[in-house]
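Student: Got a file for you: query_3.cif, mmCIF, C-alpha atoms.
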```cif
data_coords
loop_
_atom_site.label_atom_id
_atom_site.label_comp_id
_atom_site.auth_asym_id
_atom_site.auth_seq_id
_atom_site.Cartn_x
_atom_site.Cartn_y
_atom_site.Cartn_z
CA MET X 10 -132.76 202.48 -42.96
CA SER X 11 -135.15 201.69 -45.81
CA VAL X 12 -136.28 198.08 -46.09
CA ALA X 13 -135.01 198.13 -49.69
CA ALA X 14 -131.44 198.63 -48.45
CA GLU X 15 -131.52 195.72 -46.01
CA ARG X 16 -130.81 192.07 -46.80
CA GLN X 17 -133.71 190.19 -45.24
CA GLN X 18 -133.45 186.68 -43.78
CA LEU X 19 -135.84 184.00 -45.00
CA PRO X 20 -138.17 182.64 -43.78
CA PHE X 21 -140.00 185.61 -42.28
CA PRO X 22 -141.82 185.02 -38.98
CA ARG X 23 -145.54 184.54 -39.60
CA PRO X 24 -148.43 184.74 -37.12
CA ASN X 25 -149.88 181.33 -38.01
CA VAL X 26 -150.13 178.83 -40.83
CA LEU X 27 -152.77 180.88 -42.71
CA ASP X 28 -151.43 184.42 -42.38
CA LEU X 29 -148.29 185.73 -44.06
CA ALA X 30 -145.58 187.73 -42.35
CA PRO X 31 -146.47 191.46 -42.37
CA LEU X 32 -143.07 192.14 -43.96
CA TYR X 33 -144.36 190.79 -47.29
CA ASP X 34 -146.83 193.65 -47.57
CA VAL X 35 -144.07 196.18 -46.85
CA LEU X 36 -141.81 194.63 -49.47
CA ARG X 37 -144.52 194.58 -52.14
CA ARG X 38 -144.94 198.33 -51.71
CA GLU X 39 -141.36 199.45 -51.08
CA ALA X 40 -139.04 196.82 -52.56
CA PRO X 41 -140.82 194.22 -54.76
CA VAL X 42 -137.38 192.83 -55.72
CA THR X 43 -135.18 192.74 -52.63
CA PRO X 44 -131.98 190.96 -51.54
CA VAL X 45 -132.45 188.13 -49.06
CA THR X 46 -130.47 185.39 -47.39
CA THR X 47 -132.00 181.95 -47.87
CA PRO X 48 -132.43 179.46 -45.00
CA ALA X 49 -129.35 177.71 -46.44
CA GLY X 50 -127.36 180.93 -45.84
CA ASP X 51 -126.97 181.89 -49.50
CA PRO X 52 -127.79 185.18 -51.27
CA ALA X 53 -130.87 185.50 -53.47
CA TRP X 54 -133.43 187.98 -54.76
CA LEU X 55 -136.98 187.78 -53.39
CA VAL X 56 -139.81 188.88 -55.70
CA THR X 57 -143.13 189.64 -53.99
CA ARG X 58 -145.39 191.69 -56.29
CA PHE X 59 -147.94 189.97 -58.54
CA GLU X 60 -146.89 191.63 -61.79
CA GLU X 61 -143.19 190.77 -61.47
CA VAL X 62 -143.81 187.23 -60.17
CA ARG X 63 -146.22 186.48 -63.03
CA ASP X 64 -143.86 187.85 -65.66
CA LEU X 65 -140.80 186.05 -64.30
CA LEU X 66 -142.64 182.73 -64.12
CA SER X 67 -142.83 182.75 -67.92
CA ASP X 68 -139.56 184.60 -68.61
CA LYS X 69 -137.18 182.29 -70.50
CA ARG X 70 -134.22 184.21 -69.08
CA LEU X 71 -134.83 182.41 -65.78
CA GLY X 72 -134.69 178.67 -65.30
CA ARG X 73 -134.32 175.84 -62.84
CA SER X 74 -130.81 175.06 -64.07
CA HIS X 75 -127.69 177.12 -63.37
CA PRO X 76 -124.79 178.05 -65.68
CA GLU X 77 -122.33 177.00 -62.92
CA PRO X 78 -124.20 174.57 -60.64
CA GLU X 79 -121.37 174.24 -58.13
CA ARG X 80 -121.64 177.98 -57.41
CA ALA X 81 -125.43 178.17 -57.24
CA SER X 82 -127.19 179.51 -54.16
CA ARG X 83 -129.34 176.95 -52.41
CA LEU X 84 -132.75 177.61 -50.93
CA THR X 85 -132.64 175.22 -47.97
CA SER X 86 -130.86 172.11 -46.72
CA ALA X 87 -133.72 169.94 -47.95
CA ALA X 88 -133.05 167.50 -50.76
CA VAL X 89 -135.79 168.55 -53.17
CA LEU X 90 -136.50 171.90 -54.87
CA ASP X 91 -133.56 173.34 -52.95
CA GLY X 92 -131.06 174.02 -55.73
CA PRO X 93 -130.50 173.83 -59.50
CA THR X 94 -132.03 170.97 -61.44
CA GLY X 95 -131.63 169.87 -65.02
CA LYS X 96 -128.95 170.72 -67.55
CA TYR X 97 -128.24 174.34 -68.39
CA ASP X 98 -127.57 173.72 -72.09
CA THR X 99 -130.69 171.63 -72.70
CA GLU X 100 -133.22 172.86 -70.12
CA GLU X 101 -135.70 174.28 -72.62
CA ALA X 102 -135.58 171.20 -74.87
CA ASP X 103 -135.88 168.90 -71.85
CA HIS X 104 -138.89 170.85 -70.58
CA THR X 105 -140.57 170.66 -73.98
CA ARG X 106 -140.03 166.87 -74.06
CA MET X 107 -141.46 166.51 -70.55
CA ARG X 108 -144.61 168.46 -71.43
CA ARG X 109 -145.08 166.45 -74.61
CA LEU X 110 -144.79 163.16 -72.75
CA LEU X 111 -147.02 164.09 -69.82
CA THR X 112 -149.76 166.18 -71.41
CA PRO X 113 -151.87 163.16 -72.48
CA ALA X 114 -151.64 161.62 -69.00
CA PHE X 115 -152.75 164.83 -67.26
CA SER X 116 -155.29 166.00 -69.85
CA ALA X 117 -158.60 167.38 -68.63
CA LYS X 118 -160.38 164.48 -70.35
CA ARG X 119 -158.33 161.89 -68.49
CA MET X 120 -158.84 163.74 -65.22
CA ARG X 121 -162.61 163.68 -65.72
CA MET X 122 -162.35 159.93 -66.18
CA LEU X 123 -160.76 159.73 -62.72
CA THR X 124 -163.69 161.51 -61.08
CA ASP X 125 -165.62 158.41 -60.00
CA HIS X 126 -162.46 156.83 -58.61
CA VAL X 127 -161.59 159.94 -56.61
CA GLN X 128 -165.16 160.20 -55.28
CA HIS X 129 -164.99 156.58 -54.15
CA LEU X 130 -161.69 157.19 -52.36
CA VAL X 131 -163.00 160.32 -50.62
CA ASP X 132 -166.14 158.52 -49.48
CA ASP X 133 -164.03 155.69 -48.09
CA CYS X 134 -161.92 158.18 -46.16
CA VAL X 135 -164.99 159.92 -44.74
CA ASP X 136 -166.50 156.56 -43.78
CA GLN X 137 -163.34 155.76 -41.85
CA LEU X 138 -163.38 159.18 -40.16
CA LEU X 139 -166.99 158.57 -39.07
CA THR X 140 -165.99 155.23 -37.57
CA GLU X 141 -163.03 156.77 -35.75
CA HIS X 142 -165.20 159.67 -34.52
CA ALA X 143 -167.74 157.27 -33.03
CA ALA X 144 -165.00 155.32 -31.25
CA ALA X 145 -163.00 158.30 -29.96
CA PRO X 146 -163.84 159.24 -26.34
CA ASP X 147 -163.65 162.95 -27.17
CA GLY X 148 -164.98 162.63 -30.72
CA VAL X 149 -161.81 164.15 -32.18
CA VAL X 150 -160.23 162.75 -35.37
CA ASP X 151 -157.25 163.82 -37.45
CA LEU X 152 -158.40 164.99 -40.88
CA GLN X 153 -154.78 165.26 -42.02
CA ALA X 154 -154.07 161.58 -41.42
CA GLY X 155 -157.54 160.40 -42.38
CA LEU X 156 -158.16 162.32 -45.61
CA ALA X 157 -155.73 165.09 -46.57
CA PHE X 158 -152.77 162.72 -46.76
CA PRO X 159 -154.08 159.33 -47.96
CA LEU X 160 -156.29 160.66 -50.75
CA PRO X 161 -153.65 162.42 -52.93
CA VAL X 162 -151.25 159.54 -52.29
CA ALA X 163 -153.77 156.99 -53.55
CA VAL X 164 -154.67 159.07 -56.60
CA ILE X 165 -151.13 159.76 -57.77
CA CYS X 166 -150.14 156.14 -57.17
CA ARG X 167 -152.92 154.94 -59.45
CA LEU X 168 -152.01 157.45 -62.15
CA LEU X 169 -148.27 156.76 -62.06
CA GLY X 170 -148.49 153.03 -61.45
CA VAL X 171 -146.99 152.82 -57.95
CA PRO X 172 -147.96 149.60 -56.12
CA GLU X 173 -150.37 150.15 -53.23
CA SER X 174 -148.04 148.19 -50.96
CA ASP X 175 -145.29 150.80 -51.48
CA ARG X 176 -147.33 153.86 -50.53
CA GLU X 177 -146.21 154.17 -46.94
CA ARG X 178 -142.57 153.75 -47.96
CA PHE X 179 -142.51 156.46 -50.61
CA ALA X 180 -144.68 158.78 -48.50
CA SER X 181 -142.16 158.57 -45.66
CA LEU X 182 -139.30 159.22 -48.08
CA SER X 183 -141.13 162.25 -49.52
CA GLU X 184 -141.68 163.71 -46.08
CA ARG X 185 -138.01 163.37 -45.09
CA MET X 186 -136.70 164.51 -48.47
CA ALA X 187 -138.56 167.84 -48.22
CA ASP X 188 -137.76 168.49 -44.55
CA TYR X 189 -135.21 171.29 -44.23
CA ALA X 190 -134.77 170.76 -40.48
CA ILE X 191 -133.12 167.33 -40.58
CA GLY X 192 -129.93 168.04 -42.55
CA ASP X 193 -128.15 165.03 -44.04
CA ALA X 194 -131.13 162.76 -43.38
CA ALA X 195 -133.04 164.61 -46.10
CA HIS X 196 -130.35 163.83 -48.67
CA GLN X 197 -130.22 160.22 -47.55
CA ALA X 198 -133.97 160.01 -48.13
CA ARG X 199 -133.51 161.43 -51.63
CA ASP X 200 -130.91 158.75 -52.42
CA GLU X 201 -133.27 156.06 -51.14
CA PHE X 202 -136.10 157.53 -53.21
CA ASN X 203 -133.94 157.42 -56.35
CA GLU X 204 -133.05 153.79 -55.62
CA TYR X 205 -136.70 152.93 -55.11
CA MET X 206 -137.75 154.63 -58.34
CA THR X 207 -134.95 152.96 -60.31
CA GLY X 208 -136.20 149.59 -59.12
CA LEU X 209 -139.79 150.45 -59.99
CA ALA X 210 -138.77 151.69 -63.45
CA GLU X 211 -136.98 148.43 -64.17
CA THR X 212 -140.07 146.50 -63.07
CA LYS X 213 -142.14 148.58 -65.50
CA ARG X 214 -139.61 147.93 -68.25
CA ALA X 215 -140.10 144.20 -67.79
CA GLN X 216 -143.84 144.38 -67.15
CA PRO X 217 -145.29 147.65 -68.50
CA GLY X 218 -148.73 148.75 -67.45
CA GLU X 219 -151.31 151.42 -68.30
CA ASP X 220 -149.59 154.10 -66.26
CA VAL X 221 -147.35 157.15 -66.54
CA ILE X 222 -144.13 155.54 -65.31
CA SER X 223 -144.47 152.77 -67.90
CA ASP X 224 -144.97 155.43 -70.58
CA LEU X 225 -141.85 157.34 -69.47
CA VAL X 226 -139.73 154.18 -69.34
CA HIS X 227 -140.82 153.32 -72.88
CA ALA X 228 -140.11 156.86 -74.10
CA GLN X 229 -136.62 156.81 -72.62
CA SER X 230 -135.80 153.44 -74.15
CA THR X 231 -136.76 154.69 -77.63
CA ASP X 232 -135.17 158.17 -77.48
CA ALA X 233 -131.37 158.29 -77.57
CA ASP X 234 -131.43 161.91 -76.34
CA TYR X 235 -133.50 161.12 -73.26
CA ASP X 236 -131.10 160.45 -70.37
CA TYR X 237 -132.01 157.60 -68.01
CA ALA X 238 -131.09 159.59 -64.89
CA ASP X 239 -133.32 162.46 -66.08
CA MET X 240 -136.21 160.05 -66.50
CA ILE X 241 -135.74 158.76 -62.95
CA GLN X 242 -135.64 162.31 -61.59
CA LEU X 243 -138.85 163.15 -63.44
CA CYS X 244 -140.59 160.11 -61.96
CA VAL X 245 -139.45 161.08 -58.47
CA GLY X 246 -140.59 164.64 -59.03
CA LEU X 247 -144.02 163.55 -60.26
CA LEU X 248 -144.52 161.23 -57.32
CA PHE X 249 -143.44 163.90 -54.85
CA ALA X 250 -145.25 166.92 -56.30
CA GLY X 251 -148.28 164.87 -57.34
CA HIS X 252 -149.36 164.36 -53.75
CA GLU X 253 -147.42 166.74 -51.50
CA THR X 254 -148.93 170.03 -52.66
CA THR X 255 -152.49 168.66 -52.73
CA VAL X 256 -152.10 167.28 -49.21
CA ASN X 257 -151.42 170.78 -47.96
CA ARG X 258 -154.14 172.45 -50.04
CA ILE X 259 -156.70 170.12 -48.46
CA GLY X 260 -155.39 170.95 -44.99
CA LEU X 261 -155.09 174.70 -45.57
CA GLY X 262 -158.44 174.86 -47.36
CA THR X 263 -160.13 173.15 -44.43
CA LEU X 264 -158.55 175.65 -42.06
CA PHE X 265 -159.63 178.64 -44.16
CA LEU X 266 -163.22 177.38 -44.19
CA LEU X 267 -163.49 176.30 -40.56
CA THR X 268 -161.95 179.52 -39.24
CA ARG X 269 -164.58 181.42 -41.25
CA PRO X 270 -167.86 179.72 -40.25
CA ASP X 271 -169.93 181.94 -42.57
CA GLN X 272 -168.02 180.62 -45.58
CA TRP X 273 -168.32 177.04 -44.37
CA GLN X 274 -172.08 177.42 -43.87
CA THR X 275 -172.43 178.94 -47.34
CA LEU X 276 -170.62 175.95 -48.84
CA THR X 277 -172.67 173.39 -46.90
CA ALA X 278 -175.87 175.07 -48.14
CA ASP X 279 -174.88 174.56 -51.80
CA PRO X 280 -171.83 172.27 -52.13
CA ASP X 281 -172.03 171.67 -55.86
CA GLY X 282 -172.79 175.27 -56.76
CA ARG X 283 -170.15 176.80 -54.48
CA VAL X 284 -167.26 174.39 -54.62
CA ASN X 285 -165.51 175.59 -57.78
CA ALA X 286 -165.15 179.17 -56.57
CA THR X 287 -164.18 177.92 -53.12
CA VAL X 288 -161.36 175.81 -54.53
CA GLU X 289 -160.01 178.70 -56.60
CA GLU X 290 -159.88 180.90 -53.51
CA ILE X 291 -158.09 178.12 -51.63
CA MET X 292 -155.59 177.96 -54.48
CA ARG X 293 -155.07 181.73 -54.27
CA LEU X 294 -154.53 181.96 -50.53
CA GLY X 295 -153.21 178.50 -49.77
CA ALA X 296 -149.92 178.34 -51.68
CA PRO X 297 -147.83 175.78 -49.78
CA GLY X 298 -144.78 176.76 -47.77
CA ASP X 299 -143.49 180.18 -46.77
CA LEU X 300 -140.50 180.55 -49.11
CA GLY X 301 -141.29 180.47 -52.83
CA LEU X 302 -140.20 178.97 -56.14
CA LEU X 303 -136.46 178.96 -56.82
CA ARG X 304 -135.14 180.10 -60.19
CA TYR X 305 -131.74 181.19 -61.57
CA ALA X 306 -130.99 184.02 -64.00
CA HIS X 307 -129.51 182.68 -67.25
CA THR X 308 -128.60 186.22 -68.28
CA ASP X 309 -128.79 189.67 -66.71
CA VAL X 310 -132.42 190.64 -66.10
CA ASP X 311 -133.79 194.09 -65.18
CA VAL X 312 -136.85 193.86 -62.93
CA ALA X 313 -138.59 196.73 -61.14
CA GLY X 314 -135.47 198.88 -61.31
CA VAL X 315 -133.16 196.10 -60.06
CA THR X 316 -130.56 194.27 -62.17
CA ILE X 317 -130.49 190.56 -61.42
CA GLN X 318 -127.18 189.26 -62.69
CA ARG X 319 -126.53 186.03 -64.55
CA GLY X 320 -126.34 183.14 -62.08
CA ASP X 321 -128.21 184.95 -59.29
CA ALA X 322 -130.86 182.98 -57.42
CA VAL X 323 -134.40 184.34 -57.56
CA VAL X 324 -137.16 183.32 -55.13
CA LEU X 325 -140.64 183.95 -56.55
CA SER X 326 -143.11 184.31 -53.69
CA ILE X 327 -146.43 182.92 -54.92
CA ASN X 328 -147.94 183.54 -51.49
CA ALA X 329 -147.06 187.24 -51.55
CA ALA X 330 -148.10 187.72 -55.19
CA ASN X 331 -151.50 186.12 -54.61
CA ARG X 332 -152.19 188.61 -51.80
CA ASP X 333 -151.15 191.72 -53.70
CA SER X 334 -153.64 194.48 -52.77
CA SER X 335 -153.02 196.20 -56.11
CA VAL X 336 -154.59 193.16 -57.81
CA TYR X 337 -157.07 191.84 -55.24
CA SER X 338 -159.58 193.83 -53.22
CA ASP X 339 -159.32 193.04 -49.49
CA ALA X 340 -156.54 190.68 -50.54
CA GLU X 341 -156.00 188.93 -47.18
CA THR X 342 -159.67 187.92 -46.85
CA PHE X 343 -160.88 184.46 -47.86
CA ASP X 344 -163.71 185.32 -50.25
CA PRO X 345 -164.84 182.85 -52.94
CA ASP X 346 -167.18 185.53 -54.32
CA ARG X 347 -164.41 187.98 -55.14
CA PRO X 348 -164.52 189.29 -58.73
CA GLU X 349 -160.79 188.70 -59.34
CA ARG X 350 -160.44 185.11 -60.55
CA ASN X 351 -156.81 185.11 -61.69
CA HIS X 352 -154.19 183.68 -59.35
CA LEU X 353 -150.74 182.12 -59.55
CA GLY X 354 -151.51 179.05 -57.45
CA PHE X 355 -150.75 176.82 -60.45
CA GLY X 356 -147.96 179.01 -61.84
CA HIS X 357 -148.12 180.83 -65.15
CA GLY X 358 -147.07 180.54 -68.79
CA VAL X 359 -145.06 177.58 -70.08
CA HIS X 360 -144.50 176.39 -66.52
CA PHE X 361 -148.19 176.33 -65.62
CA CYS X 362 -148.66 173.24 -63.44
CA ILE X 363 -149.30 170.21 -65.62
CA GLY X 364 -151.25 168.61 -62.76
CA ALA X 365 -153.70 171.52 -62.34
CA SER X 366 -156.66 169.54 -63.67
CA LEU X 367 -155.90 166.66 -61.32
CA ALA X 368 -155.60 168.96 -58.30
CA ARG X 369 -158.89 170.65 -59.13
CA VAL X 370 -160.69 167.31 -59.45
CA GLU X 371 -159.40 166.18 -56.05
CA LEU X 372 -160.04 169.44 -54.22
CA ARG X 373 -163.54 169.94 -55.63
CA ILE X 374 -164.60 166.43 -54.66
CA VAL X 375 -163.02 166.68 -51.20
CA PHE X 376 -164.69 169.94 -50.20
CA ALA X 377 -168.07 169.20 -51.77
CA THR X 378 -168.13 165.81 -50.02
CA LEU X 379 -167.10 167.23 -46.64
CA ALA X 380 -169.78 169.91 -46.96
CA ARG X 381 -172.47 167.33 -47.76
CA ARG X 382 -171.51 164.59 -45.32
CA LEU X 383 -169.99 166.51 -42.41
CA PRO X 384 -171.81 169.87 -42.33
CA GLY X 385 -171.14 170.24 -38.59
CA LEU X 386 -167.37 169.97 -39.05
CA ARG X 387 -165.32 172.23 -36.77
CA LEU X 388 -161.77 172.55 -35.49
CA ALA X 389 -160.90 170.83 -32.22
CA LYS X 390 -157.88 173.09 -31.58
CA GLU X 391 -157.18 176.78 -31.92
CA LEU X 392 -155.33 177.83 -35.06
CA ASP X 393 -152.21 178.93 -33.16
CA GLU X 394 -152.01 175.54 -31.43
CA LEU X 395 -151.42 173.67 -34.69
CA GLU X 396 -147.87 172.56 -35.48
CA VAL X 397 -146.50 173.73 -38.83
CA ARG X 398 -144.47 171.26 -40.90
CA THR X 399 -140.80 172.13 -41.45
CA THR X 400 -140.94 171.19 -45.13
CA LEU X 401 -140.73 173.22 -48.33
CA THR X 402 -144.44 172.69 -48.91
CA GLY X 403 -145.46 173.62 -45.37
CA GLY X 404 -148.89 172.85 -43.99
CA VAL X 405 -149.71 171.31 -40.61
CA THR X 406 -148.64 168.05 -39.03
CA GLU X 407 -152.16 167.24 -37.85
CA LEU X 408 -155.65 168.64 -38.30
CA PRO X 409 -157.85 167.68 -35.31
CA VAL X 410 -161.55 168.11 -36.04
CA THR X 411 -164.89 167.05 -34.65
CA TRP X 412 -168.59 167.54 -35.46
#
```
Can you present the structure in this file as structure tokens?

Tutor:
Amino acid sequence: MSVAAERQQLPFPRPNVLDLAPLYDVLRREAPVTPVTTPAGDPAWLVTRFEEVRDLLSDKRLGRSHPEPERASRLTSAAVLDGPTGKYDTEEADHTRMRRLLTPAFSAKRMRMLTDHVQHLVDDCVDQLLTEHAAAPDGVVDLQAGLAFPLPVAVICRLLGVPESDRERFASLSERMADYAIGDAAHQARDEFNEYMTGLAETKRAQPGEDVISDLVHAQSTDADYDYADMIQLCVGLLFAGHETTVNRIGLGTLFLLTRPDQWQTLTADPDGRVNATVEEIMRLGAPGDLGLLRYAHTDVDVAGVTIQRGDAVVLSINAANRDSSVYSDAETFDPDRPERNHLGFGHGVHFCIGASLARVELRIVFATLARRLPGLRLAKELDELEVRTTLTGGVTELPVTW
């Protein structure tokens, strides 16, 4: 039977945290739009080829909302990015408002102003790793716990205005909320996160600061069309997405470099000159998770000879699209010198990631600093020994390294 006639079950088994399931390559060639069953047990369409994924990312006929939310397919049993969000009748207007409110906060100019702060944070993390390395009997330290996790958390907290004392609390809630292996506990974490953010928003209302949450609270209080619950959900989403995806890009980027010593040595020889291209290749190959972005058809849509009907769930595989051999030469190879610079790691079109400039600032400083200060960095475990996180954003639970 042709693969196009079969309903595949997500997620597909993959060899390790860096390599995709071989089935993705088959689907790109034979059935770029194919029926699948999501981990939640619901029907959906999986899109794997670069051209179709790029086009659908900016196609207004697809959205995050659903015309009949109670009938919508769900991606997983996690409590974030698992089902429809927003209001079907006002999604486009709500998205336009969100971009208008957040664009100044995430502008390239403001991100450049954060550079010194991020560099200071990264240096502090590396200093602590050096101390731990000297004290460890085997010289092994966890780069995930010592850098990949705390850095994005600290940066997004400063930008949004989250108290430093609350970081461990919201980080734990984020982890549980995105875990699709813990069932009801994920939804309980989401409820706790909403309660936490409601309390923080009210604190900002009484004592506003120079931060994004204060700006959003003020905007909601002066705009009769801006729903309070929507504002809370946006704050939760910013806090979650603002650190979670960068955490995993740091981890995956480190793994790509350390499992390819020639690329690591090239970066250490010229950190400042090589880091930009290195980060873009990490963004191409290191899309978090092994599922994709969930969208819903707002009307019938014809794609690659398949009719996606109104209300159908669509899973856009960024991972598969970014490894499309019809777009990238030697697509599975980590190669910062490749001539093809376009990728979908930050999305495309009107939904291009608003935090792209922030992510680039963090990743460039992280990898340039590691290359300068820890040129002898190497993995302390084999790639297939690393435990993969059971969250929508994926990544590893720990990243043991030495030097």

Student: To one decimal place in Å, what is the distance between CA of Tyr33 in chain X and CA of Gly314 in chain X?

Tutor: 18.5 Å

Student: Can you pull out every residue within 8 Å of range 211-218 of chain X, counting only C-alpha atoms, but drop anything in the same chain fewer than 6 positions away, and send it as a ChimeraX atom specification?

Tutor: /X:170,226-227

Student: Of the candidates X:Thr378, X:Met292, X:Gly282, X:Asp136, which one gets nearest to Asn257 in chain X if we count only C-alpha atoms?

Tutor: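 Looking at the shortest contact to Asn257 in chain X, the residue is X:Met292.
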
Student: Considering only C-alpha atoms, tabulate each residue of range 290-380 of chain X that lies at most 10 Å from range 105-109 of chain X along with its nearest interatomic pair and the corresponding distance in Å to one decimal; arrange the rows by chain and ascending residue number and present them as JSON lines.

Tutor:
```
{"residue": "X:Val359", "atom": "CA", "partner": "X:Thr105", "partner_atom": "CA", "distance": 9.1}
{"residue": "X:His360", "atom": "CA", "partner": "X:Arg108", "partner_atom": "CA", "distance": 9.3}
{"residue": "X:Ile363", "atom": "CA", "partner": "X:Arg108", "partner_atom": "CA", "distance": 7.7}
```

Student: Fewer than 2 positions away in the same chain doesn't count, so skip those; otherwise give me all residues within 8 Å of range 404-410 of chain X, counting all atoms listed in the file, as a VMD selection string.

Tutor: chain X and resid 26 149 to 154 257 260 to 261 297 to 298 386 to 390 395 to 398 402 412

Student: Here's the selection I'm unsure about, the PyMOL selection byres ((chain X and resi 220) around 6); applied to the file above, which residues does it give, as a PyMOL selection string?

Tutor: chain X and resi 168-170+218-219+221-223

Student: Please put the answer as AutoDock Vina command-line options: centre and edge lengths, in Å with one decimal, of a box along x, y and z that encloses all listed atoms of range 349-357 of chain X plus 8 Å on each side.

Tutor:
```
--center_x -154.4 --center_y 182.8 --center_z -61.3 --size_x 28.8 --size_y 27.9 --size_z 23.7
```

Student: Written as a PyMOL selection string, what is the full residue list that the PyMOL selection byres ((chain X and resi 127) around 12) yields on the file shown?

Tutor: chain X and resi 120-126+128-134+156+159-165+167-168+367-375+378

Student: Given the PyMOL selection byres ((chain X and resi 83) around 9) and the file above, list the residues it selects as a PyMOL selection string.

Tutor: chain X and resi 47-53+81-82+84-86+91-93+303+322

Student: Using only C-alpha atoms, what residues lie at most 10 Å away from (-161.1, 189.2, -61.6) (file coordinates), given as a list of chain:residue names?

Tutor: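 The answer, in the requested form, is X:Val336, X:Tyr337, X:Ser338, X:Arg347, X:Pro348, X:Glu349, X:Arg350, X:Asn351, X:His352.
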